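A.B. asks: Just dropping this structure here.
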Amino acid sequence: MIKPDRTTSIHRHLAGVGALTTGLVGGLFLLVLVGVSLETSRTQVLERSTALGSVLASNLTASIVFQDPGTAAELLNGLRTVDDVIEARITLAEGEVFVTYRRSLLEDQSGVQGLYSESLSVPVLLDQEQIASLEIRVDLWPVYQQLVWISAIAFVLWLLGMVAAYVLSRVFN
């Protein structure tokens, strides 16, 4: 007895190819969306920290001119209220470190901050002359943590879309 050949119809094959193509395009779109989200969030944190550094640098001018590290340290300690700043340092024009600030280890909740941080340098100016430099190290771990959550949600949505496309292609054929 000859068994009938189980070939798929052209409609079923085209539906499967269409579902696969739609899934790949959707996955690529979600990947681009996650990348844009990462870059936007990262840029916002760095711009906010640069603006903060500029304001702080303008307030530090008198402390540096009058060689008052106590007042400068007090100003830098105000960074405790800013979650993004890990540490800050004022370096005089001669290269000497004037004052430093470091977030305490008790407040440090992430062990991977060294990997996910970036340093910014803001000049401290007096009459358009640079008298010192304010260096701020910014914690980017929350940005990457948010990226992980967004990626997980995007993957689940993509997977659900692929399953739905597969089921629909089976139902309609």
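Just remember, in the structure tokens the first chain shown is A, the second B, etc., residues are 1-based per chain, and ligands are 1-based in the order shown.
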Please provide the set of residues having any atom within 7 Å of region 34-38 of chain A, restricted to only C-alpha atoms, with same-chain residues fewer than 4 positions apart removed, written as a list in words.

C.D. replies: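 So the residues in contact are Leu30, Arg42, Val143, Leu147, Ile150 and Ser151 of chain A.
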
A.B. asks: Write the residues of the selection above to a file with all heavy atoms, as a PDB file, in the first residue's frame.

C.D. replies:
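Contents of result-v8.pdb, as written:
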```pdb
ATOM      1  N   LEU A  30      12.235  45.711  18.193  1.00  0.00           N
ATOM      2  CA  LEU A  30      12.358  45.770  19.648  1.00  0.00           C
ATOM      3  C   LEU A  30      13.810  45.937  20.085  1.00  0.00           C
ATOM      4  O   LEU A  30      14.101  46.654  21.039  1.00  0.00           O
ATOM      5  CB  LEU A  30      11.750  44.524  20.280  1.00  0.00           C
ATOM      6  CG  LEU A  30      10.230  44.455  20.268  1.00  0.00           C
ATOM      7  CD1 LEU A  30       9.750  43.114  20.811  1.00  0.00           C
ATOM      8  CD2 LEU A  30       9.619  45.592  21.048  1.00  0.00           C
ATOM      9  N   ARG A  42      20.947  57.059  29.199  1.00  0.00           N
ATOM     10  CA  ARG A  42      22.348  57.322  29.543  1.00  0.00           C
ATOM     11  C   ARG A  42      22.702  58.783  29.287  1.00  0.00           C
ATOM     12  O   ARG A  42      23.325  59.442  30.124  1.00  0.00           O
ATOM     13  CB  ARG A  42      23.233  56.396  28.707  1.00  0.00           C
ATOM     14  CG  ARG A  42      24.678  56.443  29.034  1.00  0.00           C
ATOM     15  CD  ARG A  42      25.436  55.412  28.176  1.00  0.00           C
ATOM     16  NE  ARG A  42      26.833  55.530  28.371  1.00  0.00           N
ATOM     17  CZ  ARG A  42      27.613  56.455  27.811  1.00  0.00           C
ATOM     18  NH1 ARG A  42      27.095  57.329  26.994  1.00  0.00           N
ATOM     19  NH2 ARG A  42      28.894  56.503  28.061  1.00  0.00           N
ATOM     20  N   VAL A 143      20.716  52.860  34.978  1.00  0.00           N
ATOM     21  CA  VAL A 143      20.338  52.914  33.564  1.00  0.00           C
ATOM     22  C   VAL A 143      20.404  51.511  32.957  1.00  0.00           C
ATOM     23  O   VAL A 143      19.487  51.078  32.254  1.00  0.00           O
ATOM     24  CB  VAL A 143      21.253  53.888  32.787  1.00  0.00           C
ATOM     25  CG1 VAL A 143      21.004  53.805  31.300  1.00  0.00           C
ATOM     26  CG2 VAL A 143      21.066  55.307  33.287  1.00  0.00           C
ATOM     27  N   LEU A 147      17.535  48.909  31.595  1.00  0.00           N
ATOM     28  CA  LEU A 147      17.655  48.261  30.289  1.00  0.00           C
ATOM     29  C   LEU A 147      17.365  46.766  30.388  1.00  0.00           C
ATOM     30  O   LEU A 147      16.706  46.198  29.515  1.00  0.00           O
ATOM     31  CB  LEU A 147      19.049  48.481  29.703  1.00  0.00           C
ATOM     32  CG  LEU A 147      19.346  47.725  28.421  1.00  0.00           C
ATOM     33  CD1 LEU A 147      18.559  48.333  27.261  1.00  0.00           C
ATOM     34  CD2 LEU A 147      20.818  47.718  28.131  1.00  0.00           C
ATOM     35  N   ILE A 150      13.588  46.396  30.635  1.00  0.00           N
ATOM     36  CA  ILE A 150      12.956  46.688  29.347  1.00  0.00           C
ATOM     37  C   ILE A 150      13.220  45.552  28.361  1.00  0.00           C
ATOM     38  O   ILE A 150      12.333  45.141  27.615  1.00  0.00           O
ATOM     39  CB  ILE A 150      13.459  48.037  28.797  1.00  0.00           C
ATOM     40  CG1 ILE A 150      12.914  49.182  29.642  1.00  0.00           C
ATOM     41  CG2 ILE A 150      13.068  48.228  27.341  1.00  0.00           C
ATOM     42  CD1 ILE A 150      13.497  50.531  29.301  1.00  0.00           C
ATOM     43  N   SER A 151      14.447  45.032  28.368  1.00  0.00           N
ATOM     44  CA  SER A 151      14.784  43.923  27.468  1.00  0.00           C
ATOM     45  C   SER A 151      13.972  42.679  27.784  1.00  0.00           C
ATOM     46  O   SER A 151      13.514  41.982  26.868  1.00  0.00           O
ATOM     47  CB  SER A 151      16.273  43.598  27.570  1.00  0.00           C
ATOM     48  OG  SER A 151      17.050  44.681  27.160  1.00  0.00           O
TER      49      SER A 151
END
```

A.B. asks: Determine which residues of chain A receive a DSSP assignment of strand (DSSP E), computed from the backbone, and state them as a ChimeraX atom specification.

C.D. replies: /A:85-92,97-102,117-126,129-139

A.B. asks: So what do you get for CA of Leu24 (chain A) versus CA of Met162 (chain A), distance-wise?

C.D. replies: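 These two atoms are separated by 8.9 Å.
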
A.B. asks: Under the rule that only C-alpha atoms are counted, which of A:Gly16, A:Ser169, A:Asn77, A:Glu39 is the nearest residue to Gln146 (chain A)?

C.D. replies: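 Once distances to Gln146 (chain A) are computed over only C-alpha atoms, the minimum belongs to A:Glu39.
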
A.B. asks: How close does each residue of region 30-101 of chain A get to region 125-129 of chain A, giving the shortest atom pair and distance in Å to one decimal for every residue with an atom at most 8 Å away, counting only C-alpha atoms, sorted by chain and residue number, as a Markdown table?

C.D. replies:
```
| residue | atom | partner | partner_atom | distance |
| --- | --- | --- | --- | --- |
| A:Ala57 | CA | A:Leu125 | CA | 7.7 |
| A:Ser58 | CA | A:Leu125 | CA | 7.2 |
| A:Thr61 | CA | A:Leu126 | CA | 6.7 |
```

A.B. asks: Based on the selection just made, write all heavy atoms of those residues as a compact mmCIF listing (two decimals), in the first residue's frame.

C.D. replies:
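Okay, this is what ended up in out08.txt:
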```
# COMPACT_ATOMS: atom_id res chain seq x y z
N ALA A 57 30.45 73.85 40.27
CA ALA A 57 31.74 74.49 39.97
C ALA A 57 31.66 76.00 40.16
O ALA A 57 32.60 76.61 40.69
CB ALA A 57 32.16 74.16 38.54
N SER A 58 30.56 76.60 39.77
CA SER A 58 30.44 78.06 39.94
C SER A 58 30.34 78.43 41.42
O SER A 58 30.79 79.49 41.83
CB SER A 58 29.25 78.60 39.17
OG SER A 58 28.04 78.12 39.71
N THR A 61 34.01 78.43 43.32
CA THR A 61 35.05 79.41 42.95
C THR A 61 35.63 80.12 44.16
O THR A 61 36.85 80.19 44.32
CB THR A 61 34.46 80.44 41.95
OG1 THR A 61 33.90 79.74 40.86
CG2 THR A 61 35.53 81.37 41.44
```

A.B. asks: Which is closest to Gly27 (chain A) among A:Gln44, A:Thr50, A:Leu160, A:Leu115, if we use only C-alpha atoms?

C.D. replies: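 Among the listed residues, the smallest separation from Gly27 (chain A) belongs to A:Leu160.
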